[in-house]
There are 2 protein chains.
Amino acid sequence: MTHATILVVEDEPDIRRFLRSSLGAEGYRVVESPNGRRGTLDAGMHKPDLAIVDLGLPDFDGVEVIRHIREWSPMPILVLSARIQERSKVEALDAGADDYVTKPFGVGELLARVRAALRHAARPASGTELNFGEARINFEKRQALRDGAAVHLTPIEFRLLACLARHLGMVVTHRQLLTEVWGPTHAADTHYLRVYMKQLREKLEADPVQPKHLLTETGVGYRLAD
Amino acid sequence: MTHATILVVEDEPDIRRFLRSSLGAEGYRVVESPNGRRGTLDAGMHKPDLAIVDLGLPDFDGVEVIRHIREWSPMPILVLSARIQERSKVEALDAGADDYVTKPFGVGELLARVRAALRHAARPASGTELNFGEARINFEKRQALRDGAAVHLTPIEFRLLACLARHLGMVVTHRQLLTEVWGPTHAADTHYLRVYMKQLREKLEADPVQPKHLLTETGVGYRLAD
DNA sequence: GCGCATTTTTACGGGTTCTTTATGCGGCGG
DNA sequence: CCGCCGCATAAAGAACCCGTAAAAATGCGC
């Protein structure tokens with residue numbers, strides 16, 4: 001496991017250099033994007049643990065970048081801006097940003113906010129327990145039981161199940177599952193889902209051939225029913 | 001175990017000397033830092049069992065030191081201060097300090113609080129003792145038994161086991177184990193864990209090849225099950 | 001300074017997990 | 001009735017992770 005990866009979307013080379021050295025010195029891996037288009041792509045490619053986004057970008061507004069990222073990931077987003085205007089700040093936070101730093105800013109403040117954001121994101125997001133059929137899943141312990149016996153789930157199986165559990169009872173589309181578990185570059189690889197849904201049914205359903213909870217919604221996605 | 005390591009972050013040489021002799025006489029190993037910057041570094045370098053931090057430091061506030069340490073370690077932190085103000089006390093405790101001593105203080109009081117903090121920290125989730133399989137571990141005495149016979153654990157083995165015990169039944173990620181045991185600079189050195197988990201299994205498991213309690217969660221971390 | 005316990009580093013074989021591919025089934029519309 | 005599409009299933013190869021042993025370096029007490 002490496003240090004956290006941070007995506008920096010910033011057009012001004014000076015500020016980019018400053019961020020690279022400040023964050024790099026703390027052991028973070030830094031990925032840089034000079035504009036909004038690259039930023040949204042890099043977010044999908046590198047799947048960073050946190051994104052720092054400048055609001056004033058040459059091609060399209062930073063708020064757009066935030067919206068794009070928020071379509072598929074809950075990663076913490078830190079907004080950077082020279083503007084004092086309250087409006088853009090509100091817009092950015094509404095779009096899903098987590099925190100806001102106004103230029104000029106000091107290294108200490110920036111690093112503190114980065115750490116705070118990462119710490120906050122590290123908290124277990126989903127509620128602790130989930131029960132359906134003979135299966136009991138504890139997301140905090142990262143443990144699954146069936147008929148009281150421990151069942152081992154691989155990292156991907158767990159993320160997939162967690163994604164379904166977050167939308168308990170609702171249909172989750174192929175696209176949404178794929179982007180949240182494998183990243184937006186695999187948004188079309190529906191065969192992954194077939195393989196892993198079978199694994200989950202095999203491990204958690206009483207009768208994997210006639211699933212009662214891990215349900216298929218043909219042509220749309222999957223649904224977890226309790 | 002009387003050989004706990006204590007980090008003292010204190011700028012005044014007189015008080016430092018006083019602490020060094022008082023704590024040294026009790027058998028503690030003492031590491032001294034004259035300012036906040038060195039303090040945060042030394043905490044990562046020496047991985048002390050307890051930190052004593054003065055609030056009034058020349059470079060930056062002791063509360064900052066506490067926050068830095070708390071980002072990666074749950075080690076007990078004892079605050080030292082001449083201030084009577086209630087505010088800084090609250091601030092320090094909010095930042096994650098465990099106890100507070102107001103100057104001037106007596107040797108007896110200090111040592112009592114140090115012992116209390118170490119005793120408190122030595123305990124995993126519940127109670128100071130942990131039993132699994134044929135193994136019995138007393139975290140306060142730093143003593144391990146297997147089938148009634150004493151088993152010697154090295155300092156790192158003990159910290160690793162304590163970290164797992166503190167989260168009994170939960171998966172603890174590679175990153176978390178590494179930062180708590182080796183410090184935040186080694187958060188990526190997963191090979192350490194492989195070596196030491198094997199040692200622990202060799203010493204504590206009935207069948208080290210088929211561990212029943214020190215379990216591995218491939219790609220994620222390790223788990224202590226009872 | 002010396003010897004010992006401990007920690008760190010390195011290399012490799014084996015195991016798990018992920019990805020890819022192939023095949024069969026069933027519904028639906030042409 | 002047949003072909004197409006989406007899904008389930010199985011299985012194999014690739015990539016990655018882990019266990020293991022052993023040597024090298026470090027640090028501590030004497």
# chains A, B, ... in the order shown; residues from 1 in each chain; ligands from 1

$ residues_around --residues "segment 21-23 of chain B" --least-positions-apart "6" --cutoff "8 Å" --atoms "only C-alpha atoms (C1' of nucleotides)" --output "PyMOL selection string"
chain B and resi 29-30+107+111

$ write_last_selection --atoms "C-alpha atoms" --output "PDB file, in the first residue's frame"
ATOM      1  CA  ARG B  29      14.189   5.196  28.181  1.00  0.00           C
ATOM      2  CA  VAL B  30      13.913   8.931  27.473  1.00  0.00           C
ATOM      3  CA  VAL B 107       7.824  13.863  40.779  1.00  0.00           C
ATOM      4  CA  LEU B 111       5.194   9.346  37.611  1.00  0.00           C
TER       5      LEU B 111
END

$ closest_atom_pairs --of "chain A" --to "chain B" --cutoff "8 Å" --atoms "only C-alpha atoms" --output "Markdown table"
| residue | atom | partner | partner_atom | distance |
| --- | --- | --- | --- | --- |
| A:Met1 | CA | B:Ala188 | CA | 4.8 |
| A:Thr2 | CA | B:Ala188 | CA | 4.6 |
| A:His3 | CA | B:Ala187 | CA | 6.5 |
| A:Gly27 | CA | B:Thr185 | CA | 7.7 |
| A:Glu140 | CA | B:Met170 | CA | 7.2 |
| A:Lys141 | CA | B:Met170 | CA | 4.0 |
| A:Arg142 | CA | B:Val171 | CA | 6.2 |
| A:Gln143 | CA | B:Met170 | CA | 7.5 |
| A:Thr154 | CA | B:Thr218 | CA | 7.5 |
| A:Pro155 | CA | B:Gly219 | CA | 7.0 |

$ atom_distance --atom1 "atom CA of Leu224 of chain A" --atom2 "atom CA of Tyr222 of chain B"
28.2 Å

$ interface_residues --of "chain D" --to "chain A" --cutoff "10 Å" --atoms "only C-alpha atoms (C1' of nucleotides)" --output "compact mmCIF listing (two decimals) with N, CA and C atoms (P, O5', C5', C4', C3', O3' and C1' of nucleotides), in the first residue's frame"
# COMPACT_ATOMS: atom_id res chain seq x y z
P DC D 5 -27.38 -8.97 -31.87
O5' DC D 5 -27.76 -8.77 -30.34
C5' DC D 5 -29.09 -8.36 -30.00
C4' DC D 5 -29.35 -8.73 -28.55
C3' DC D 5 -28.20 -8.45 -27.61
O3' DC D 5 -28.60 -7.51 -26.64
C1' DC D 5 -29.09 -10.64 -27.26
P DG D 6 -27.50 -6.83 -25.67
O5' DG D 6 -27.77 -7.55 -24.29
C5' DG D 6 -29.08 -7.54 -23.74
C4' DG D 6 -29.16 -8.58 -22.65
C3' DG D 6 -28.05 -8.49 -21.60
O3' DG D 6 -28.63 -8.48 -20.31
C1' DG D 6 -28.19 -10.70 -22.46
P DC D 7 -27.75 -8.31 -19.04
O5' DC D 7 -27.64 -9.80 -18.47
C5' DC D 7 -28.83 -10.50 -18.13
C4' DC D 7 -28.49 -11.95 -17.87
C3' DC D 7 -27.41 -12.18 -16.82
O3' DC D 7 -27.98 -12.81 -15.69
C1' DC D 7 -27.12 -13.59 -18.74
P DA D 8 -27.10 -13.23 -14.45
O5' DA D 8 -26.68 -14.72 -14.82
C5' DA D 8 -27.68 -15.72 -14.85
C4' DA D 8 -27.06 -17.09 -15.04
C3' DA D 8 -26.04 -17.51 -13.97
O3' DA D 8 -26.32 -18.85 -13.60
C1' DA D 8 -25.04 -17.63 -16.12
P DT D 9 -25.64 -19.55 -12.39
O5' DT D 9 -24.37 -20.23 -13.04
C5' DT D 9 -24.55 -21.20 -14.06
C4' DT D 9 -23.23 -21.57 -14.69
C3' DT D 9 -22.08 -21.83 -13.72
O3' DT D 9 -21.81 -23.22 -13.71
C1' DT D 9 -21.38 -20.69 -15.67

$ interface_residues --of "chain C" --to "chain A" --cutoff "9 Å" --atoms "only C-alpha atoms (C1' of nucleotides)" --output "VMD selection string"
chain C and resid 17 to 19

$ write_last_selection --atoms "C-alpha atoms (C1' of nucleotides)" --output "PDB file, in the first residue's frame"
ATOM      1  C1'  DT C  17      -7.270 -12.954  -6.871  1.00  0.00           C
ATOM      2  C1'  DC C  18      -8.349 -10.792 -11.157  1.00  0.00           C
ATOM      3  C1'  DT C  19      -9.069 -10.944 -15.950  1.00  0.00           C
TER       4       DT C  19
END

$ atom_distance --atom1 "atom C1' of DA22 of chain D" --atom2 "atom CA of His152 of chain B"
21.2 Å

$ closest_residue --among "D:DC1, D:DC28, D:DA14, D:DA21" --to "DT6 of chain C" --atoms "only C-alpha atoms (C1' of nucleotides)"
D:DC28

$ decode --residues "chain D" --atoms "C-alpha atoms (C1' of nucleotides)" --output "mmCIF file, in the first residue's frame"
data_model
loop_
_atom_site.group_PDB
_atom_site.id
_atom_site.type_symbol
_atom_site.label_atom_id
_atom_site.label_comp_id
_atom_site.auth_asym_id
_atom_site.auth_seq_id
_atom_site.Cartn_x
_atom_site.Cartn_y
_atom_site.Cartn_z
ATOM 1 C "C1'" DC D 1 -38.904 -21.570 -36.444
ATOM 2 C "C1'" DC D 2 -34.663 -19.319 -36.160
ATOM 3 C "C1'" DG D 3 -31.280 -15.984 -34.856
ATOM 4 C "C1'" DC D 4 -29.942 -12.503 -31.645
ATOM 5 C "C1'" DC D 5 -29.086 -10.643 -27.260
ATOM 6 C "C1'" DG D 6 -28.186 -10.696 -22.457
ATOM 7 C "C1'" DC D 7 -27.121 -13.586 -18.735
ATOM 8 C "C1'" DA D 8 -25.040 -17.625 -16.118
ATOM 9 C "C1'" DT D 9 -21.384 -20.687 -15.673
ATOM 10 C "C1'" DA D 10 -16.911 -22.783 -15.914
ATOM 11 C "C1'" DA D 11 -12.275 -22.790 -16.425
ATOM 12 C "C1'" DA D 12 -7.629 -21.273 -17.569
ATOM 13 C "C1'" DG D 13 -3.935 -17.805 -17.879
ATOM 14 C "C1'" DA D 14 -1.940 -13.602 -16.015
ATOM 15 C "C1'" DA D 15 -0.952 -10.490 -12.494
ATOM 16 C "C1'" DC D 16 -0.402 -9.707 -8.074
ATOM 17 C "C1'" DC D 17 0.185 -10.786 -3.155
ATOM 18 C "C1'" DC D 18 1.866 -13.604 0.521
ATOM 19 C "C1'" DG D 19 4.866 -16.843 3.203
ATOM 20 C "C1'" DT D 20 9.311 -18.278 4.012
ATOM 21 C "C1'" DA D 21 14.180 -18.457 4.809
ATOM 22 C "C1'" DA D 22 18.353 -16.447 5.348
ATOM 23 C "C1'" DA D 23 21.723 -12.890 5.051
ATOM 24 C "C1'" DA D 24 23.001 -8.114 6.100
ATOM 25 C "C1'" DA D 25 22.671 -4.118 8.982
ATOM 26 C "C1'" DT D 26 21.543 -1.920 13.106
ATOM 27 C "C1'" DG D 27 21.498 -0.795 17.842
ATOM 28 C "C1'" DC D 28 22.074 -1.801 22.685
ATOM 29 C "C1'" DG D 29 24.345 -3.418 26.902
ATOM 30 C "C1'" DC D 30 28.633 -4.647 28.658
#
